[in-house]
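Structure below is upload16.tsv: TSV, C-alpha atoms.
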chain	number	residue	atom	x	y	z
A	1	MET	CA	-115.30	-18.35	163.92
A	2	ALA	CA	-117.94	-17.59	161.33
A	3	MET	CA	-117.89	-17.23	157.56
A	4	GLU	CA	-120.65	-15.74	155.45
A	5	ARG	CA	-121.11	-15.50	151.69
A	6	ALA	CA	-123.87	-14.67	149.22
A	7	PHE	CA	-124.58	-16.96	146.26
A	8	LYS	CA	-126.60	-16.42	143.11
A	9	LYS	CA	-129.89	-18.25	143.43
A	10	GLU	CA	-129.26	-20.89	140.79
A	11	ILE	CA	-128.27	-24.55	140.77
A	12	GLU	CA	-124.95	-23.67	139.13
A	13	SER	CA	-123.93	-22.00	142.41
A	14	LEU	CA	-123.57	-25.37	144.11
A	15	GLU	CA	-119.94	-25.69	143.03
A	16	ALA	CA	-119.17	-22.42	144.82
A	17	VAL	CA	-121.23	-23.46	147.85
A	18	PHE	CA	-119.17	-26.66	148.20
A	19	ALA	CA	-115.95	-24.66	147.77
A	20	PHE	CA	-117.17	-22.34	150.54
A	21	VAL	CA	-117.64	-25.32	152.87
A	22	ASP	CA	-114.14	-26.59	152.03
A	23	GLU	CA	-112.75	-23.13	152.75
A	24	PHE	CA	-114.50	-23.17	156.13
A	25	ARG	CA	-113.13	-26.62	156.82
A	26	ARG	CA	-109.60	-25.38	156.26
A	27	GLN	CA	-110.14	-22.80	159.00
A	28	GLU	CA	-111.77	-25.24	161.40
A	29	LEU	CA	-110.98	-28.90	161.87
A	30	ILE	CA	-114.19	-30.58	160.80
A	31	PRO	CA	-114.24	-34.42	160.74
A	32	ASP	CA	-115.43	-36.23	157.61
A	33	GLU	CA	-118.79	-37.46	158.88
A	34	PRO	CA	-120.19	-34.11	160.00
A	35	LEU	CA	-118.62	-32.46	156.94
A	36	TYR	CA	-120.64	-34.72	154.63
A	37	ALA	CA	-123.82	-33.91	156.57
A	38	VAL	CA	-123.11	-30.18	156.37
A	39	LYS	CA	-122.55	-30.34	152.61
A	40	LEU	CA	-125.70	-32.35	152.09
A	41	ALA	CA	-127.80	-30.05	154.29
A	42	LEU	CA	-126.51	-26.96	152.46
A	43	GLU	CA	-127.13	-28.49	149.04
A	44	GLU	CA	-130.63	-29.70	149.81
A	45	LEU	CA	-131.74	-26.48	151.52
A	46	PHE	CA	-130.12	-24.24	148.89
A	47	THR	CA	-131.61	-26.29	146.04
A	48	ASN	CA	-134.99	-26.09	147.71
A	49	MET	CA	-134.79	-22.29	147.68
A	50	VAL	CA	-133.77	-22.29	144.00
A	51	LYS	CA	-136.58	-24.65	142.95
A	52	TYR	CA	-139.47	-23.51	145.08
A	53	HIS	CA	-138.89	-19.79	145.59
A	54	PRO	CA	-138.35	-18.29	142.14
A	55	GLU	CA	-140.40	-15.24	143.21
A	56	SER	CA	-137.14	-13.57	144.25
A	57	ARG	CA	-133.81	-13.60	142.45
A	58	ARG	CA	-132.00	-12.10	145.41
A	59	GLU	CA	-128.83	-13.90	146.42
A	60	VAL	CA	-129.03	-16.54	149.13
A	61	VAL	CA	-126.78	-15.76	152.07
A	62	VAL	CA	-125.03	-18.74	153.62
A	63	ARG	CA	-123.33	-18.53	157.00
A	64	LEU	CA	-121.28	-21.19	158.76
A	65	GLU	CA	-120.23	-20.82	162.34
A	66	ARG	CA	-118.51	-23.11	164.79
A	67	VAL	CA	-119.86	-22.77	168.31
A	68	ALA	CA	-117.93	-25.02	170.70
A	69	ASP	CA	-118.50	-28.55	169.40
A	70	GLU	CA	-121.31	-27.67	167.03
A	71	LEU	CA	-121.44	-26.30	163.54
A	72	VAL	CA	-124.34	-23.93	162.85
A	73	GLY	CA	-125.37	-23.38	159.24
A	74	THR	CA	-127.76	-20.60	158.25
A	75	LEU	CA	-129.32	-19.91	154.85
A	76	THR	CA	-131.30	-16.71	154.29
A	77	ASP	CA	-133.57	-16.26	151.28
A	78	SER	CA	-134.89	-12.70	150.92
A	79	GLU	CA	-138.21	-11.41	149.56
A	80	VAL	CA	-139.92	-14.79	149.52
A	81	GLU	CA	-143.20	-16.25	150.72
A	82	PRO	CA	-143.07	-18.27	153.96
A	83	PHE	CA	-142.44	-21.99	153.62
A	84	ASP	CA	-141.51	-23.88	156.75
A	85	VAL	CA	-139.21	-26.69	155.63
A	86	THR	CA	-139.40	-28.29	159.08
A	87	LEU	CA	-143.08	-29.08	158.49
A	88	VAL	CA	-142.62	-30.99	155.22
A	89	PRO	CA	-143.63	-34.60	155.91
A	90	ALA	CA	-141.15	-37.38	155.37
A	91	PRO	CA	-141.76	-39.32	152.16
A	92	ALA	CA	-143.74	-42.50	152.63
A	93	GLU	CA	-142.14	-45.76	151.66
A	94	PRO	CA	-144.50	-47.16	149.10
A	95	PRO	CA	-143.47	-49.84	146.68
A	96	LEU	CA	-140.82	-48.74	144.21
A	97	GLU	CA	-143.18	-48.47	141.30
A	98	LYS	CA	-145.39	-46.05	143.22
A	99	ARG	CA	-142.67	-43.96	144.74
A	100	ARG	CA	-142.67	-40.32	143.63
A	101	PRO	CA	-139.81	-37.82	143.64
A	102	GLY	CA	-139.79	-34.95	146.13
A	103	GLY	CA	-139.45	-34.62	149.88
A	104	LEU	CA	-136.45	-36.91	149.93
A	105	GLY	CA	-133.88	-34.13	150.29
A	106	LEU	CA	-135.47	-32.62	153.38
A	107	HIS	CA	-135.92	-36.10	154.83
A	108	LEU	CA	-132.18	-36.70	154.46
A	109	VAL	CA	-131.39	-33.35	156.05
A	110	ARG	CA	-133.54	-34.17	159.08
A	111	GLN	CA	-131.83	-37.54	159.40
A	112	MET	CA	-128.31	-36.14	159.17
A	113	VAL	CA	-128.36	-32.95	161.24
A	114	ASP	CA	-129.07	-32.56	164.96
A	115	ASP	CA	-131.45	-29.62	164.78
A	116	LEU	CA	-133.36	-27.84	162.03
A	117	ARG	CA	-135.22	-24.58	162.54
A	118	TYR	CA	-137.09	-22.13	160.35
A	119	VAL	CA	-137.90	-18.45	160.79
A	120	HIS	CA	-139.75	-16.09	158.45
A	121	THR	CA	-139.39	-12.46	159.30
A	122	GLY	CA	-139.31	-9.20	157.37
A	123	GLY	CA	-140.04	-11.09	154.14
A	124	SER	CA	-137.01	-13.34	154.54
A	125	SER	CA	-136.91	-17.08	155.13
A	126	THR	CA	-134.07	-18.29	157.32
A	127	VAL	CA	-133.26	-21.96	157.78
A	128	ILE	CA	-130.85	-22.88	160.56
A	129	PHE	CA	-129.32	-26.29	161.07
A	130	VAL	CA	-127.00	-27.56	163.76
A	131	LYS	CA	-124.55	-30.43	163.37
A	132	LYS	CA	-122.67	-31.78	166.34
A	133	LEU	CA	-119.00	-32.28	165.57
A	134	ARG	CA	-118.46	-35.05	168.16
B	1	MET	CA	-118.08	-32.15	139.20
B	2	LEU	CA	-119.22	-35.61	138.18
B	3	ASP	CA	-117.76	-37.98	135.65
B	4	VAL	CA	-119.91	-40.89	134.44
B	5	LYS	CA	-118.38	-43.52	132.19
B	6	ILE	CA	-119.42	-46.92	130.93
B	7	GLY	CA	-116.48	-49.33	130.95
B	8	ILE	CA	-115.84	-52.05	128.40
B	9	ASP	CA	-117.20	-54.50	130.98
B	10	GLY	CA	-120.49	-52.58	130.95
B	11	ASP	CA	-120.01	-51.22	134.48
B	12	ILE	CA	-121.01	-47.62	135.06
B	13	ARG	CA	-118.27	-45.75	136.92
B	14	LEU	CA	-119.09	-42.64	138.90
B	15	GLU	CA	-116.37	-40.21	139.91
B	16	GLY	CA	-116.58	-36.99	141.88
B	17	ARG	CA	-119.71	-35.45	143.32
B	18	PHE	CA	-123.25	-36.42	142.30
B	19	ASP	CA	-125.21	-33.30	143.26
B	20	ALA	CA	-128.19	-31.41	141.85
B	21	ALA	CA	-126.00	-29.57	139.33
B	22	GLN	CA	-124.89	-32.89	137.79
B	23	VAL	CA	-128.28	-34.41	137.05
B	24	GLN	CA	-128.20	-33.69	133.31
B	25	THR	CA	-124.72	-35.19	132.97
B	26	ALA	CA	-125.80	-38.34	134.76
B	27	ARG	CA	-129.11	-38.71	132.95
B	28	ALA	CA	-127.35	-38.56	129.60
B	29	VAL	CA	-125.67	-41.85	130.52
B	30	PHE	CA	-128.22	-43.58	132.73
B	31	ASP	CA	-130.99	-43.05	130.17
B	32	THR	CA	-129.01	-45.23	127.74
B	33	ILE	CA	-128.93	-48.21	130.13
B	34	THR	CA	-131.40	-50.86	129.02
B	35	THR	CA	-130.18	-53.96	130.83
B	36	SER	CA	-128.84	-54.99	134.23
B	37	ALA	CA	-125.61	-53.21	135.13
B	38	ARG	CA	-123.22	-52.61	138.00
B	39	VAL	CA	-122.62	-49.07	139.18
B	40	ASP	CA	-119.15	-48.61	140.64
B	41	PHE	CA	-119.09	-45.98	143.40
B	42	SER	CA	-115.42	-46.42	144.36
B	43	ALA	CA	-114.42	-42.97	143.05
B	44	LEU	CA	-117.62	-41.21	144.09
B	45	GLU	CA	-117.16	-38.89	147.07
B	46	TYR	CA	-120.67	-37.61	147.56
B	47	ILE	CA	-124.30	-38.09	146.58
B	48	SER	CA	-127.41	-36.12	147.48
B	49	SER	CA	-131.13	-36.67	146.90
B	50	ALA	CA	-130.72	-35.44	143.32
B	51	GLY	CA	-128.36	-38.34	142.56
B	52	LEU	CA	-130.59	-40.81	144.36
B	53	GLU	CA	-133.54	-39.73	142.23
B	54	VAL	CA	-131.61	-40.40	139.01
B	55	LEU	CA	-130.70	-43.87	140.24
B	56	LEU	CA	-134.26	-44.52	141.41
B	57	ALA	CA	-135.75	-43.52	138.05
B	58	THR	CA	-133.30	-45.82	136.27
B	59	GLN	CA	-134.00	-48.70	138.63
B	60	ARG	CA	-137.76	-48.30	138.21
B	61	ARG	CA	-137.43	-48.35	134.42
B	62	LEU	CA	-135.11	-51.38	134.42
B	63	MET	CA	-137.22	-53.38	136.85
B	64	GLY	CA	-140.15	-52.95	134.52
B	65	ALA	CA	-138.11	-55.05	132.06
B	66	GLN	CA	-136.90	-57.54	134.71
B	67	HIS	CA	-133.47	-55.91	134.98
B	68	ALA	CA	-131.77	-54.04	137.81
B	69	LEU	CA	-128.80	-51.95	138.88
B	70	THR	CA	-126.31	-53.37	141.37
B	71	LEU	CA	-124.36	-50.77	143.34
B	72	VAL	CA	-120.80	-51.59	144.39
B	73	HIS	CA	-118.01	-50.04	146.48
B	74	LEU	CA	-120.02	-47.34	148.26
B	75	ASN	CA	-118.04	-45.37	150.83
B	76	PRO	CA	-119.49	-45.40	154.38
B	77	HIS	CA	-120.94	-41.89	154.11
B	78	ILE	CA	-122.76	-42.68	150.88
B	79	ARG	CA	-123.93	-45.99	152.33
B	80	ASN	CA	-125.48	-44.03	155.19
B	81	VAL	CA	-127.31	-41.78	152.74
B	82	PHE	CA	-128.85	-44.86	151.10
B	83	ARG	CA	-129.83	-46.16	154.52
B	84	TYR	CA	-131.41	-42.88	155.63
B	85	ALA	CA	-133.30	-42.69	152.33
B	86	GLY	CA	-134.63	-46.22	152.76
B	87	PHE	CA	-133.02	-47.17	149.45
B	88	GLU	CA	-131.17	-50.23	150.74
B	89	HIS	CA	-134.24	-52.27	149.93
B	90	ILE	CA	-134.59	-50.86	146.43
B	91	PHE	CA	-131.06	-51.60	145.21
B	92	LYS	CA	-128.79	-54.58	145.55
B	93	ILE	CA	-125.73	-53.14	147.27
B	94	GLU	CA	-122.46	-55.09	147.34
Rewrite the coordinates I just gave you, this time as structure tokens.
Amino acid sequence: MAMERAFKKEIESLEAVFAFVDEFRRQELIPDEPLYAVKLALEELFTNMVKYHPESRREVVVRLERVADELVGTLTDSEVEPFDVTLVPAPAEPPLEKRRPGGLGLHLVRQMVDDLRYVHTGGSSTVIFVKKLR
Amino acid sequence: MLDVKIGIDGDIRLEGRFDAAQVQTARAVFDTITTSARVDFSALEYISSAGLEVLLATQRRLMGAQHALTLVHLNPHIRNVFRYAGFEHIFKIE
């Protein structure tokens, strides 16, 4: 089963994004551990689109689909420049006093999901992540 | 939603979800912390990189004055997030 919804491209939409995930969970039996990873991946990827792609105010379309024992999440950001989130390097681990913000969210996503892909076509960026449910 | 309160014992209690939409709420409290303090995670369900960055900024500021945050009662999912972020070496976690 799949669910899809469009969200205003603003940080304030996160509450609705989390509610959307909870709604999906009620339809499908998703264990706690993968559910946390799915929420985190959606937040970090959505927030990335809000922060770094202000060139378009089009809504971000979020789709969740269960395929056998995997959950596939897709976020589509329209009318934006290409930016491959899978190529962002992991943050280094310098001493605390030298550590700089940024890059941490995508690093967490890569650690917590099983696959992360990016496609840019027709002016739209699509990020797809896969989380195994077992 | 996130609720951040400072108890009479000086502990900072987090409740709810510490996501990117809650950064201003959290900063309003963490920016007032000037000495070592415990942060109680027992009622916190979720944290993302946005929450980690608030804690990191506070820890960096406090350590400059020889103080530090101690994090207590993290649920296993949140503990994993700290581990994946490499933050277990930055904070004392009990």
Item to complete: Could you check how far CA of Val4 in chain B sits from CA of Ala43 in chain B, in Å to one decimal?
Response: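 So the answer is 10.4 Å.
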Worksheet item: Which value, in Å to one decimal, gives the distance between CA of Leu55 in chain B and CA of Gln111 in chain A?
Response: 20.2 Å
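With all atoms listed in the file as the basis for measurement, B:Gly10 is the residue among B:Pro76, B:Gly86, B:Gly10, B:Gly64 that approaches Asp40 in chain B most closely.
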Worksheet item: From the list B:Ile93, B:Leu14, B:Val72, B:Ala20, which residue is nearest Leu14 in chain A when using only C-alpha atoms?
Response: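 Once distances to Leu14 in chain A are computed over only C-alpha atoms, the minimum belongs to B:Ala20.
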Practice prompt. List the residues sitting within 12 Å of (-133.8, -39.9, 140.6) in the file's frame, using only C-alpha atoms, as a ChimeraX atom specification.
Written response: /A:96,99-102,104-105 /B:18-20,22-24,26-27,30-31,47-61,87
Item to complete: Determine, counting all atoms listed in the file, every residue of protein, DNA or RNA that lies within 9 Å of (-126.6, -23.7, 156.2) in the file coordinates, then give the result as a ChimeraX atom specification.
Response: /A:38-39,41-43,45-46,61-64,72-76,127-130
Filtering to C-alpha atoms, could you give me those residues as a short mmCIF file (atom, residue, chain, number, x, y, z; two decimals), in the frame of the given file?
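Written output follows (part28.cif):
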data_model
loop_
_atom_site.label_atom_id
_atom_site.label_comp_id
_atom_site.auth_asym_id
_atom_site.auth_seq_id
_atom_site.Cartn_x
_atom_site.Cartn_y
_atom_site.Cartn_z
CA VAL A 38 -123.11 -30.18 156.37
CA LYS A 39 -122.55 -30.34 152.61
CA ALA A 41 -127.80 -30.05 154.29
CA LEU A 42 -126.51 -26.96 152.46
CA GLU A 43 -127.13 -28.49 149.04
CA LEU A 45 -131.74 -26.48 151.52
CA PHE A 46 -130.12 -24.24 148.89
CA VAL A 61 -126.78 -15.76 152.07
CA VAL A 62 -125.03 -18.74 153.62
CA ARG A 63 -123.33 -18.53 157.00
CA LEU A 64 -121.28 -21.19 158.76
CA VAL A 72 -124.34 -23.93 162.85
CA GLY A 73 -125.37 -23.38 159.24
CA THR A 74 -127.76 -20.60 158.25
CA LEU A 75 -129.32 -19.91 154.85
CA THR A 76 -131.30 -16.71 154.29
CA VAL A 127 -133.26 -21.96 157.78
CA ILE A 128 -130.85 -22.88 160.56
CA PHE A 129 -129.32 -26.29 161.07
CA VAL A 130 -127.00 -27.56 163.76
#
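Note that the spacing between CA of Leu69 in chain B and CA of Leu40 in chain A amounts to 23.8 Å.
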Hey, can I get the axis-aligned box for range 1-9 of chain A? All listed atoms, 8 Å padding on each side, centre and edge lengths in Å to one decimal, as lines of an AutoDock Vina configuration file.
center_x = -122.6
center_y = -16.5
center_z = 153.5
size_x = 30.6
size_y = 19.7
size_z = 36.8
Worksheet item: Smallest atom-to-atom distance to Val113 in chain A: which of B:Phe41, B:Phe91, B:Tyr84, B:Tyr46, using all atoms listed in the file?
Response: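 Nearest to Val113 in chain A: B:Tyr84.
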Item to complete: Could you tell me which of A:Leu29, A:Leu133, A:Leu116, A:Val109 comes closest to chain B if we count all atoms listed in the file?
Response: A:Val109
Fill in: Non-local contacts of Ala2 in chain A (9 Å; all atoms listed in the file; under 2 positions in same chain excluded) as a PyMOL selection string
chain A and resi 4+24+63-67
Worksheet item: For chain B, which residue among A:Pro89, A:Gly122, A:Pro54, A:Pro34 is the nearest when counting all atoms listed in the file?
Response: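 When distances to chain B are compared using all atoms listed in the file, the smallest one comes from A:Pro34.
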Discussion item. I'd like to know which of A:Val21, A:Leu35, A:Met3, A:Ile11 is closest to chain B, using only C-alpha atoms.
Written reply: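 Smallest distance to chain B is found for A:Ile11.
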